[in-house]
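Taking it in order: structure first as structure tokens, then the write-up.
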Amino acid sequence: MVTKILNLYRLATKRGRAALGAVLTVLALFLGIAAASAAVMPAPAPASAPLASAVAPAVAHASAADVKGKTFSVATDTTFAPFEFRNGSGDLVGIDMDLLRAIAANQGFKVDIKSLGFDAALQALQSNQVQGVIAGMSITDKRKLIFDFSDPYFDSGIQMAVAKSNNDVKTYSDLKGKSVAVKRGSEGETFANSIKAKYGFTVKALADSATMYDDVKAGNSVAVFDDYPVLAYGVSQNNGLKIVTPKERGSSYGFAVNKGQNADLLTAFDKGLANLKASGEYQKILDKYLAAPETAKQTSFFQLLANSFPALMKGLGMTLLATALSLVIALVLGIVFGFFKVGESRILRIIASIYVEIFRGTPLLVQAFFFYFGLPQLTGQPLNVLSAGVITLSLNAGAYMTEIVRGGIQSVDPGQLEASRSLGLGYVTSMRRVVVPQAIKIMTPSFINQFVITLKDTSLLAVIGFAELTYQGQQIYAANFRTGETLLIVAAIYFIVIFILTQLSNVLDRKFNK
Amino acid sequence: MSDATASGTTAKIRVRDLKKSFGSNEVLKGLDVDVAEGEVVCVIGPSGSGKSTFLRCLNKLEDITAGTVTVDGYDLTDPKVDLNAVRQHIGMVFQHFNLFPHMTALQNIMLAPVELKKLDKAAARAKGMELLKRVGLAEKADARPASLSGGQKQRVAIARALAMNPGIMLFDEATSALDPEMVGEVLQVIRDLAAEGMTMVVVTHEMGFAREVADRVIFMDAGVICEEGAPEAIFSHAEQPRLQDFLAKVL
């Protein structure tokens, strides 16, 4: 492989114009792999679907036949129990999930549910990555400007909860000078902001319910404002809080699609909802989660470990898959751009430098958001989360690999190349037989290091809803509120896997790089 | 000077008005040199005089800024000339040996003949062993460079440079990095090569050796050739004050 790349390199340096060709080859290569990896994930709904429905007249009597047999991608929150959360075996359950599935079955369409997080779900909808969002989302005038909502399917309301041991805060007046945790973009945040001046407290917006509860238990905030079913469910799951105020009249939850698009899906949802209400199935679903949520017994740590293990192993599998794919592509990128950097062509050196500077000079998290949300908006081509994740990690790790390759080659005594060239061996042969074997030896520890970093960096992909190990951990503590213990298990799994893999790499290093 | 071929032999190496600059620093300021077939030319001079740069221009390890270098009739400054092919005819020995540390002594020698498809593996191995025998290191065939002494390394490096049967050998201060007791064994190998009629350009600090082996000695200083001639003339009848100074310091 090295020879091929070297040949490619020489071709490129020999003819200036071939520089572009080389870059395109690299690009084609990694797009090819990305496409191949796309096959691993459930295929996104055809891009034509939203287009087709956008032109369809949005009339009220659109029959359910319009959606029959179709599959719709619907995004949801990760951690909004009892509306959406993962049960012990890692399956998405909750009022929203059961309702959506029941409506889909009633109306004869299929749903591909993507558990992204609340903010990410809205972004995914706006970038047409999904056709709908169901995430315990309140119907507000502001949101109506960009989304079309279904008939309300749930009437919510805000309550305040404090730590179980806290007997000082009972009313809003007791909050003076204190901090209150709310969920970013939620009804609770709106409510808190509307009364904070009156009662003199500060509002701290966090990403999900579990984090809010932890913030209170850790003493950073004294209270949370959250939707009453969510709070009630959390308390039943031993989240360590108690509810202290009566329910504030709140808004209603609705299913959303992009404004002016997917009218048939919305119609089908409303029809299905009406059918379920009529048949009593709707009430059954609500009762399952709200009427008498049986109080969970506080299980032992080992019980938690046993319960969460299957889901975590699923996550670990995705972590390793993303790591392996990314490292292979990053290695190719690193070798190509690394040779560009040590080569004689100024153009290729500049191209490689720009590449490295961009991906080393921006945060991985921003890159992940860009490839998952930004790029599809620019190209109109939806990208599945594994592809987006692998592209992000490959390009990021590739930049560091480029520097490792450059450093490795440059740290080989220049006299080695001179001696080889003086024998009449060409540049490519000299690199392949003399310089690269010595460089590989120098580079190996850095490669192992980068490999560990990339493996850990996969955890950042949790933010775009890639179901790897950290994400699975978040899902678990979102449902059971045992954040500390769950994260401990997740950390231990990372540690064990990385420890085993580094030991293995070191053994191989010693064996082959004597 | 341009008529150095008057003796009837063709010049193996012909250098005309060779100039070499590193950035704005001109290291070689116009050299004219001819080396005849079978001739041994020693280049002496103080550090920084341009001796090594001159030598490295002879197989174009350095880009040539101006002038021409013709080796075996090939003009190295002509972009159409296949440098790799020309270099196969020019062996080079470096001050720091530059042996390939990940290969054995024998593999170092076999690399070029095998990669350049000049010999098959078996023939290259036989040739490599013959060369190792010639430099007295047959028993070190399977040793890695790291386990060899300086003198042994340089003898392997000479054997490696001879593997492609070059018509010309270039020595770049081949003994400068050696402990004194190892200088002799390396010089002996070079001496043997000279006796066999190899065309050689030897950059050296070993004045006694230059005097003994050279057909001609070139004294360089500050990028120009100050004086050249038979060893006897250079070492015993130096004309230029700069050469006299230099000899006074090193002898």
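Residues are referred to by chain and number: the chain letter is A, B, ... according to the order shown in the structure tokens, the number counts from 1 in that chain, and ligands are numbered separately from 1 in the order shown.
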Closest atom pairs, stretch 344-424 of chain A residues within 12 Å of stretch 165-189 of chain B, only C-alpha atoms, as CSV:
residue,atom,partner,partner_atom,distance
A:Ala419,CA,B:Asp172,CA,11.9
A:Ser422,CA,B:Leu170,CA,10.2
A:Leu423,CA,B:Pro166,CA,9.4
A:Gly424,CA,B:Pro166,CA,10.5
- [ ] Define the interface residues of chain A facing chain B as those within 9 Å, counting only C-alpha atoms, and report them as a PyMOL selection string.
- [x] chain A and resi 413+415-426+429+433-435+437-438+514
Written selection (N, CA and C atoms) as a PDB file, in the first residue's frame:
ATOM      1  N   ASP A 413      17.580  10.086   9.775  1.00  0.00           N
ATOM      2  CA  ASP A 413      18.780  10.797   9.343  1.00  0.00           C
ATOM      3  C   ASP A 413      18.754  11.016   7.825  1.00  0.00           C
ATOM      4  N   GLY A 415      21.029  11.424   5.906  1.00  0.00           N
ATOM      5  CA  GLY A 415      22.109  10.640   5.307  1.00  0.00           C
ATOM      6  C   GLY A 415      21.633   9.298   4.786  1.00  0.00           C
ATOM      7  N   GLN A 416      20.547   8.768   5.371  1.00  0.00           N
ATOM      8  CA  GLN A 416      20.010   7.486   4.923  1.00  0.00           C
ATOM      9  C   GLN A 416      19.468   7.587   3.505  1.00  0.00           C
ATOM     10  N   LEU A 417      18.694   8.657   3.261  1.00  0.00           N
ATOM     11  CA  LEU A 417      18.146   8.853   1.915  1.00  0.00           C
ATOM     12  C   LEU A 417      19.282   9.127   0.933  1.00  0.00           C
ATOM     13  N   GLU A 418      20.261   9.925   1.377  1.00  0.00           N
ATOM     14  CA  GLU A 418      21.395  10.251   0.495  1.00  0.00           C
ATOM     15  C   GLU A 418      22.163   8.997   0.110  1.00  0.00           C
ATOM     16  N   ALA A 419      22.407   8.142   1.112  1.00  0.00           N
ATOM     17  CA  ALA A 419      23.169   6.914   0.826  1.00  0.00           C
ATOM     18  C   ALA A 419      22.407   6.067  -0.178  1.00  0.00           C
ATOM     19  N   SER A 420      21.102   5.975   0.005  1.00  0.00           N
ATOM     20  CA  SER A 420      20.294   5.158  -0.887  1.00  0.00           C
ATOM     21  C   SER A 420      20.265   5.756  -2.288  1.00  0.00           C
ATOM     22  N   ARG A 421      20.071   7.089  -2.363  1.00  0.00           N
ATOM     23  CA  ARG A 421      20.045   7.733  -3.679  1.00  0.00           C
ATOM     24  C   ARG A 421      21.395   7.619  -4.359  1.00  0.00           C
ATOM     25  N   SER A 422      22.487   7.664  -3.581  1.00  0.00           N
ATOM     26  CA  SER A 422      23.812   7.609  -4.185  1.00  0.00           C
ATOM     27  C   SER A 422      24.080   6.243  -4.810  1.00  0.00           C
ATOM     28  N   LEU A 423      23.296   5.225  -4.375  1.00  0.00           N
ATOM     29  CA  LEU A 423      23.465   3.905  -4.978  1.00  0.00           C
ATOM     30  C   LEU A 423      22.718   3.793  -6.299  1.00  0.00           C
ATOM     31  N   GLY A 424      21.949   4.834  -6.636  1.00  0.00           N
ATOM     32  CA  GLY A 424      21.188   4.803  -7.877  1.00  0.00           C
ATOM     33  C   GLY A 424      19.750   4.388  -7.680  1.00  0.00           C
ATOM     34  N   LEU A 425      19.323   4.220  -6.403  1.00  0.00           N
ATOM     35  CA  LEU A 425      17.925   3.871  -6.140  1.00  0.00           C
ATOM     36  C   LEU A 425      17.072   5.135  -6.248  1.00  0.00           C
ATOM     37  N   GLY A 426      15.883   5.009  -6.817  1.00  0.00           N
ATOM     38  CA  GLY A 426      15.010   6.162  -6.985  1.00  0.00           C
ATOM     39  C   GLY A 426      14.416   6.608  -5.664  1.00  0.00           C
ATOM     40  N   THR A 429      11.745   4.003  -4.257  1.00  0.00           N
ATOM     41  CA  THR A 429      12.393   2.802  -3.722  1.00  0.00           C
ATOM     42  C   THR A 429      13.158   3.136  -2.442  1.00  0.00           C
ATOM     43  N   ARG A 433      12.279   1.243   0.946  1.00  0.00           N
ATOM     44  CA  ARG A 433      13.172   0.247   1.513  1.00  0.00           C
ATOM     45  C   ARG A 433      14.018   0.794   2.662  1.00  0.00           C
ATOM     46  N   VAL A 434      14.300   2.081   2.637  1.00  0.00           N
ATOM     47  CA  VAL A 434      15.268   2.612   3.606  1.00  0.00           C
ATOM     48  C   VAL A 434      14.613   3.544   4.636  1.00  0.00           C
ATOM     49  N   VAL A 435      13.895   4.567   4.160  1.00  0.00           N
ATOM     50  CA  VAL A 435      13.417   5.595   5.096  1.00  0.00           C
ATOM     51  C   VAL A 435      12.174   5.138   5.862  1.00  0.00           C
ATOM     52  N   PRO A 437      10.794   2.142   6.559  1.00  0.00           N
ATOM     53  CA  PRO A 437      10.923   1.139   7.630  1.00  0.00           C
ATOM     54  C   PRO A 437      11.485   1.725   8.931  1.00  0.00           C
ATOM     55  N   GLN A 438      12.411   2.666   8.802  1.00  0.00           N
ATOM     56  CA  GLN A 438      12.958   3.279  10.016  1.00  0.00           C
ATOM     57  C   GLN A 438      11.965   4.257  10.632  1.00  0.00           C
ATOM     58  N   LYS A 514      11.870  -4.574  16.290  1.00  0.00           N
ATOM     59  CA  LYS A 514      13.031  -4.867  17.129  1.00  0.00           C
ATOM     60  C   LYS A 514      14.163  -3.897  16.829  1.00  0.00           C
TER      61      LYS A 514
END
Next item on the list: List the neighbours of B:Gly45 out to 6 Å using only C-alpha atoms; skip same-chain residues closer than 6 positions along the sequence, and give me the result as a VMD selection string.
Entry: chain B and resid 219 to 221
Please save N, CA, C and O atoms of the selected residues as a tab-separated table (two decimals), in the first residue's frame.
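The resulting out-v1.tsv:
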chain	number	residue	atom	x	y	z
B	219	PHE	N	44.01	21.66	-3.72
B	219	PHE	CA	43.83	22.40	-2.48
B	219	PHE	C	42.74	23.45	-2.69
B	219	PHE	O	42.83	24.29	-3.58
B	220	MET	N	41.67	23.31	-1.88
B	220	MET	CA	40.56	24.27	-1.99
B	220	MET	C	40.52	25.17	-0.78
B	220	MET	O	40.80	24.76	0.34
B	221	ASP	N	40.15	26.43	-1.04
B	221	ASP	CA	39.90	27.35	0.08
B	221	ASP	C	38.85	28.36	-0.36
B	221	ASP	O	38.90	28.87	-1.49
Set the distance at 12 Å and use only C-alpha atoms: which residues neighbour stretch 63-75 of chain B once local chain neighbours fewer than 6 positions away are removed? I'd like the list as JSON, numbers by chain. {"B": [10, 11, 12, 13, 14, 15, 16, 17, 18, 19, 20, 21, 22, 23, 24, 25, 26, 27, 28, 29, 30, 31, 32, 33, 34, 35, 36, 37, 53, 54, 55, 56, 57, 81, 82, 83, 84, 85, 86, 87, 88, 89, 90, 166, 167, 168, 169, 199]}
One decimal place gives the atom CA of B:Leu251-atom CA of B:Gly50 separation as 20.6 Å
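Checking A:Gly380, A:Gly272, A:Gly177, A:Gly407 one by one against A:Ala105, counting only C-alpha atoms, you find the shortest gap at A:Gly272.
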From a DSSP calculation on the backbone, collect every residue of stretch 7-225 of chain B in helix (DSSP H, G or I) and output the set as a count of residues only. 80
Residues near stretch 189-192 of chain A, anyone? I mean within 10 Å using only C-alpha atoms, not counting same-chain ones fewer than 2 positions away, as number ranges by chain.
A: 157-160, 172, 180-187, 194-197, 199, 201-206, 224-226, 248, 250
For this session: Please give the complete set of residues from stretch 198-328 of chain A that DSSP, run on the backbone, assigns to strand (DSSP E), formatted as a ChimeraX atom specification.
Result: /A:202-206,223-227,241-243,248-253,256-258
Please identify all polymer residues within 12 Å of B:Leu243, counting only C-alpha atoms, omitting same-chain residues fewer than 3 positions from it, and present them as a PDB file with N, CA, C and O atoms, in the first residue's frame.
ATOM      1  N   ILE B  44      42.036  18.507  -0.582  1.00  0.00           N
ATOM      2  CA  ILE B  44      42.334  18.921   0.784  1.00  0.00           C
ATOM      3  C   ILE B  44      41.955  20.390   0.950  1.00  0.00           C
ATOM      4  O   ILE B  44      41.717  21.089  -0.045  1.00  0.00           O
ATOM      5  N   GLY B  45      41.902  20.815   2.187  1.00  0.00           N
ATOM      6  CA  GLY B  45      41.569  22.222   2.438  1.00  0.00           C
ATOM      7  C   GLY B  45      40.929  22.358   3.803  1.00  0.00           C
ATOM      8  O   GLY B  45      40.480  21.376   4.380  1.00  0.00           O
ATOM      9  N   PRO B  46      40.879  23.599   4.304  1.00  0.00           N
ATOM     10  CA  PRO B  46      40.308  23.804   5.639  1.00  0.00           C
ATOM     11  C   PRO B  46      38.799  23.533   5.661  1.00  0.00           C
ATOM     12  O   PRO B  46      38.161  23.471   4.616  1.00  0.00           O
ATOM     13  N   VAL B 217      46.742  16.306  -6.283  1.00  0.00           N
ATOM     14  CA  VAL B 217      46.135  16.870  -5.081  1.00  0.00           C
ATOM     15  C   VAL B 217      45.566  18.240  -5.433  1.00  0.00           C
ATOM     16  O   VAL B 217      46.207  19.020  -6.134  1.00  0.00           O
ATOM     17  N   ILE B 218      44.301  18.459  -4.983  1.00  0.00           N
ATOM     18  CA  ILE B 218      43.669  19.768  -5.186  1.00  0.00           C
ATOM     19  C   ILE B 218      43.527  20.425  -3.822  1.00  0.00           C
ATOM     20  O   ILE B 218      43.011  19.821  -2.889  1.00  0.00           O
ATOM     21  N   PHE B 219      44.010  21.661  -3.719  1.00  0.00           N
ATOM     22  CA  PHE B 219      43.834  22.400  -2.475  1.00  0.00           C
ATOM     23  C   PHE B 219      42.742  23.447  -2.690  1.00  0.00           C
ATOM     24  O   PHE B 219      42.834  24.286  -3.583  1.00  0.00           O
ATOM     25  N   MET B 220      41.673  23.311  -1.879  1.00  0.00           N
ATOM     26  CA  MET B 220      40.563  24.267  -1.990  1.00  0.00           C
ATOM     27  C   MET B 220      40.518  25.172  -0.776  1.00  0.00           C
ATOM     28  O   MET B 220      40.803  24.761   0.335  1.00  0.00           O
ATOM     29  N   ASP B 221      40.148  26.435  -1.037  1.00  0.00           N
ATOM     30  CA  ASP B 221      39.901  27.352   0.084  1.00  0.00           C
ATOM     31  C   ASP B 221      38.850  28.360  -0.357  1.00  0.00           C
ATOM     32  O   ASP B 221      38.898  28.865  -1.485  1.00  0.00           O
ATOM     33  N   ALA B 222      37.899  28.617   0.498  1.00  0.00           N
ATOM     34  CA  ALA B 222      36.844  29.620   0.270  1.00  0.00           C
ATOM     35  C   ALA B 222      36.159  29.440  -1.075  1.00  0.00           C
ATOM     36  O   ALA B 222      35.876  30.393  -1.786  1.00  0.00           O
ATOM     37  N   ILE B 225      39.536  26.657  -6.207  1.00  0.00           N
ATOM     38  CA  ILE B 225      40.743  25.823  -6.187  1.00  0.00           C
ATOM     39  C   ILE B 225      41.943  26.757  -6.156  1.00  0.00           C
ATOM     40  O   ILE B 225      42.169  27.548  -7.081  1.00  0.00           O
ATOM     41  N   CYS B 226      42.725  26.682  -5.077  1.00  0.00           N
ATOM     42  CA  CYS B 226      43.862  27.591  -4.926  1.00  0.00           C
ATOM     43  C   CYS B 226      45.080  27.056  -5.637  1.00  0.00           C
ATOM     44  O   CYS B 226      45.861  27.795  -6.236  1.00  0.00           O
ATOM     45  N   GLU B 227      45.236  25.769  -5.505  1.00  0.00           N
ATOM     46  CA  GLU B 227      46.460  25.198  -6.067  1.00  0.00           C
ATOM     47  C   GLU B 227      46.217  23.732  -6.342  1.00  0.00           C
ATOM     48  O   GLU B 227      45.489  23.063  -5.605  1.00  0.00           O
ATOM     49  N   GLU B 228      46.772  23.196  -7.422  1.00  0.00           N
ATOM     50  CA  GLU B 228      46.666  21.757  -7.643  1.00  0.00           C
ATOM     51  C   GLU B 228      47.927  21.274  -8.344  1.00  0.00           C
ATOM     52  O   GLU B 228      48.647  22.035  -8.980  1.00  0.00           O
ATOM     53  N   ALA B 233      54.687  18.226  -5.404  1.00  0.00           N
ATOM     54  CA  ALA B 233      54.682  19.672  -5.605  1.00  0.00           C
ATOM     55  C   ALA B 233      53.859  20.366  -4.528  1.00  0.00           C
ATOM     56  O   ALA B 233      54.256  21.409  -3.996  1.00  0.00           O
ATOM     57  N   ILE B 234      52.699  19.790  -4.186  1.00  0.00           N
ATOM     58  CA  ILE B 234      51.806  20.430  -3.224  1.00  0.00           C
ATOM     59  C   ILE B 234      52.409  20.400  -1.826  1.00  0.00           C
ATOM     60  O   ILE B 234      52.441  21.412  -1.119  1.00  0.00           O
ATOM     61  N   PHE B 235      52.889  19.240  -1.418  1.00  0.00           N
ATOM     62  CA  PHE B 235      53.315  19.102  -0.029  1.00  0.00           C
ATOM     63  C   PHE B 235      54.731  19.625   0.232  1.00  0.00           C
ATOM     64  O   PHE B 235      55.037  20.053   1.325  1.00  0.00           O
ATOM     65  N   SER B 236      55.577  19.582  -0.817  1.00  0.00           N
ATOM     66  CA  SER B 236      56.953  20.002  -0.566  1.00  0.00           C
ATOM     67  C   SER B 236      57.285  21.369  -1.146  1.00  0.00           C
ATOM     68  O   SER B 236      58.195  22.037  -0.690  1.00  0.00           O
ATOM     69  N   HIS B 237      56.499  21.794  -2.169  1.00  0.00           N
ATOM     70  CA  HIS B 237      56.830  23.076  -2.788  1.00  0.00           C
ATOM     71  C   HIS B 237      55.605  23.952  -2.914  1.00  0.00           C
ATOM     72  O   HIS B 237      55.305  24.478  -3.978  1.00  0.00           O
ATOM     73  N   ALA B 238      54.886  24.077  -1.845  1.00  0.00           N
ATOM     74  CA  ALA B 238      53.686  24.899  -1.872  1.00  0.00           C
ATOM     75  C   ALA B 238      54.041  26.320  -2.250  1.00  0.00           C
ATOM     76  O   ALA B 238      54.999  26.884  -1.727  1.00  0.00           O
ATOM     77  N   GLU B 239      53.264  26.899  -3.198  1.00  0.00           N
ATOM     78  CA  GLU B 239      53.560  28.259  -3.640  1.00  0.00           C
ATOM     79  C   GLU B 239      52.706  29.283  -2.899  1.00  0.00           C
ATOM     80  O   GLU B 239      53.208  30.307  -2.445  1.00  0.00           O
ATOM     81  N   GLN B 240      51.404  28.976  -2.814  1.00  0.00           N
ATOM     82  CA  GLN B 240      50.486  29.965  -2.234  1.00  0.00           C
ATOM     83  C   GLN B 240      50.655  30.056  -0.723  1.00  0.00           C
ATOM     84  O   GLN B 240      50.742  29.034  -0.048  1.00  0.00           O
ATOM     85  N   PHE B 246      47.966  26.421   5.641  1.00  0.00           N
ATOM     86  CA  PHE B 246      47.159  25.232   5.906  1.00  0.00           C
ATOM     87  C   PHE B 246      48.063  24.051   6.257  1.00  0.00           C
ATOM     88  O   PHE B 246      47.836  23.346   7.241  1.00  0.00           O
ATOM     89  N   LEU B 247      49.097  23.850   5.443  1.00  0.00           N
ATOM     90  CA  LEU B 247      49.984  22.711   5.671  1.00  0.00           C
ATOM     91  C   LEU B 247      50.716  22.850   6.993  1.00  0.00           C
ATOM     92  O   LEU B 247      50.914  21.870   7.719  1.00  0.00           O
ATOM     93  N   ALA B 248      51.084  24.076   7.321  1.00  0.00           N
ATOM     94  CA  ALA B 248      51.793  24.315   8.582  1.00  0.00           C
ATOM     95  C   ALA B 248      50.921  23.879   9.763  1.00  0.00           C
ATOM     96  O   ALA B 248      51.405  23.370  10.767  1.00  0.00           O
ATOM     97  N   LYS B 249      49.582  24.074   9.596  1.00  0.00           N
ATOM     98  CA  LYS B 249      48.669  23.714  10.680  1.00  0.00           C
ATOM     99  C   LYS B 249      48.446  22.219  10.775  1.00  0.00           C
ATOM    100  O   LYS B 249      48.306  21.653  11.866  1.00  0.00           O
ATOM    101  N   VAL B 250      48.326  21.535   9.620  1.00  0.00           N
ATOM    102  CA  VAL B 250      47.918  20.127   9.681  1.00  0.00           C
ATOM    103  C   VAL B 250      49.079  19.146   9.686  1.00  0.00           C
ATOM    104  O   VAL B 250      48.897  17.988  10.049  1.00  0.00           O
ATOM    105  N   LEU B 251      50.248  19.585   9.243  1.00  0.00           N
ATOM    106  CA  LEU B 251      51.347  18.612   9.175  1.00  0.00           C
ATOM    107  C   LEU B 251      52.157  18.568  10.471  1.00  0.00           C
ATOM    108  O   LEU B 251      52.225  19.549  11.193  1.00  0.00           O
TER     109      LEU B 251
END
Quick one: everything within 10 Å of A:Leu305, counting only C-alpha atoms, minus sequence neighbours fewer than 5 positions away in the same chain. Send it as JSON, numbers by chain. {"A": [300, 310, 312, 485, 486, 489, 490]}
Produce a file of the selected residues containing all heavy atoms, as a PDB file, in the first residue's frame.
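Okay, this is what ended up in selection-v4.pdb:
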ATOM      1  N   SER A 300     -29.025  -3.135  43.721  1.00  0.00           N
ATOM      2  CA  SER A 300     -27.603  -3.089  44.070  1.00  0.00           C
ATOM      3  C   SER A 300     -26.774  -2.672  42.861  1.00  0.00           C
ATOM      4  O   SER A 300     -27.253  -2.686  41.731  1.00  0.00           O
ATOM      5  CB  SER A 300     -27.137  -4.465  44.545  1.00  0.00           C
ATOM      6  OG  SER A 300     -27.010  -5.311  43.421  1.00  0.00           O
ATOM      7  N   PRO A 310     -25.889  -5.380  28.697  1.00  0.00           N
ATOM      8  CA  PRO A 310     -26.175  -5.605  27.274  1.00  0.00           C
ATOM      9  C   PRO A 310     -26.161  -4.313  26.466  1.00  0.00           C
ATOM     10  O   PRO A 310     -25.558  -4.252  25.389  1.00  0.00           O
ATOM     11  CB  PRO A 310     -27.577  -6.224  27.291  1.00  0.00           C
ATOM     12  CG  PRO A 310     -27.738  -6.772  28.664  1.00  0.00           C
ATOM     13  CD  PRO A 310     -26.946  -5.899  29.573  1.00  0.00           C
ATOM     14  N   LEU A 312     -24.660  -1.496  27.212  1.00  0.00           N
ATOM     15  CA  LEU A 312     -23.301  -0.941  27.165  1.00  0.00           C
ATOM     16  C   LEU A 312     -22.421  -1.697  26.176  1.00  0.00           C
ATOM     17  O   LEU A 312     -21.602  -1.105  25.475  1.00  0.00           O
ATOM     18  CB  LEU A 312     -22.674  -0.965  28.564  1.00  0.00           C
ATOM     19  CG  LEU A 312     -23.303  -0.003  29.565  1.00  0.00           C
ATOM     20  CD1 LEU A 312     -22.628  -0.134  30.928  1.00  0.00           C
ATOM     21  CD2 LEU A 312     -23.203   1.437  29.075  1.00  0.00           C
ATOM     22  N   GLU A 485     -22.780   5.895  39.454  1.00  0.00           N
ATOM     23  CA  GLU A 485     -22.446   4.479  39.283  1.00  0.00           C
ATOM     24  C   GLU A 485     -22.357   4.100  37.801  1.00  0.00           C
ATOM     25  O   GLU A 485     -21.465   3.367  37.382  1.00  0.00           O
ATOM     26  CB  GLU A 485     -23.509   3.608  39.957  1.00  0.00           C
ATOM     27  CG  GLU A 485     -23.481   3.691  41.465  1.00  0.00           C
ATOM     28  CD  GLU A 485     -24.809   3.252  42.060  1.00  0.00           C
ATOM     29  OE1 GLU A 485     -25.792   4.009  41.941  1.00  0.00           O
ATOM     30  OE2 GLU A 485     -24.854   2.154  42.621  1.00  0.00           O
ATOM     31  N   THR A 486     -23.303   4.618  37.010  1.00  0.00           N
ATOM     32  CA  THR A 486     -23.313   4.278  35.588  1.00  0.00           C
ATOM     33  C   THR A 486     -22.043   4.783  34.910  1.00  0.00           C
ATOM     34  O   THR A 486     -21.404   4.069  34.138  1.00  0.00           O
ATOM     35  CB  THR A 486     -24.550   4.880  34.898  1.00  0.00           C
ATOM     36  OG1 THR A 486     -25.710   4.507  35.643  1.00  0.00           O
ATOM     37  CG2 THR A 486     -24.680   4.376  33.480  1.00  0.00           C
ATOM     38  N   ILE A 489     -19.103   2.633  35.634  1.00  0.00           N
ATOM     39  CA  ILE A 489     -19.070   1.418  34.817  1.00  0.00           C
ATOM     40  C   ILE A 489     -18.561   1.740  33.409  1.00  0.00           C
ATOM     41  O   ILE A 489     -17.691   1.054  32.868  1.00  0.00           O
ATOM     42  CB  ILE A 489     -20.478   0.782  34.738  1.00  0.00           C
ATOM     43  CG1 ILE A 489     -20.923   0.324  36.135  1.00  0.00           C
ATOM     44  CG2 ILE A 489     -20.494  -0.389  33.755  1.00  0.00           C
ATOM     45  CD1 ILE A 489     -22.380  -0.118  36.200  1.00  0.00           C
ATOM     46  N   VAL A 490     -19.094   2.850  32.847  1.00  0.00           N
ATOM     47  CA  VAL A 490     -18.678   3.245  31.495  1.00  0.00           C
ATOM     48  C   VAL A 490     -17.171   3.506  31.468  1.00  0.00           C
ATOM     49  O   VAL A 490     -16.448   3.014  30.594  1.00  0.00           O
ATOM     50  CB  VAL A 490     -19.459   4.503  31.031  1.00  0.00           C
ATOM     51  CG1 VAL A 490     -18.830   5.105  29.786  1.00  0.00           C
ATOM     52  CG2 VAL A 490     -20.918   4.143  30.779  1.00  0.00           C
TER      53      VAL A 490
END
Between atom CA of A:Val230 and atom CA of A:Thr267 lies a distance of 27.6 Å
Determine, for each residue of stretch 68-142 of chain A having at least one atom at most 7 Å from an atom of stretch 251-254 of chain A, the closest pair of atoms and their separation in Å to one decimal, counting only C-alpha atoms; order by chain and ascending number, as CSV.
residue,atom,partner,partner_atom,distance
A:Gly136,CA,A:Tyr253,CA,5.6
A:Met137,CA,A:Tyr253,CA,5.1
A:Ser138,CA,A:Tyr253,CA,4.3
A:Ile139,CA,A:Tyr253,CA,5.7
Just-selected residues, N, CA and C atoms written as an mmCIF file, in the first residue's frame:
data_model
loop_
_atom_site.group_PDB
_atom_site.id
_atom_site.type_symbol
_atom_site.label_atom_id
_atom_site.label_comp_id
_atom_site.auth_asym_id
_atom_site.auth_seq_id
_atom_site.Cartn_x
_atom_site.Cartn_y
_atom_site.Cartn_z
ATOM 1 N N GLY A 136 -41.804 15.369 23.637
ATOM 2 C CA GLY A 136 -42.427 16.103 24.723
ATOM 3 C C GLY A 136 -42.330 17.588 24.477
ATOM 4 N N MET A 137 -42.534 17.980 23.221
ATOM 5 C CA MET A 137 -42.310 19.375 22.838
ATOM 6 C C MET A 137 -43.582 20.195 22.991
ATOM 7 N N SER A 138 -43.477 21.283 23.748
ATOM 8 C CA SER A 138 -44.620 22.160 23.939
ATOM 9 C C SER A 138 -44.924 22.899 22.649
ATOM 10 N N ILE A 139 -46.202 23.083 22.387
ATOM 11 C CA ILE A 139 -46.607 23.854 21.216
ATOM 12 C C ILE A 139 -46.588 25.320 21.613
#
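Nearest to A:Ala492 of all the residues A:Leu316, A:Ser430, A:Phe466, A:Lys114 is A:Leu316, counting only C-alpha atoms.
The spacing separating atom CA of A:Leu116 from atom CA of A:Leu265 amounts to 20.4 Å.
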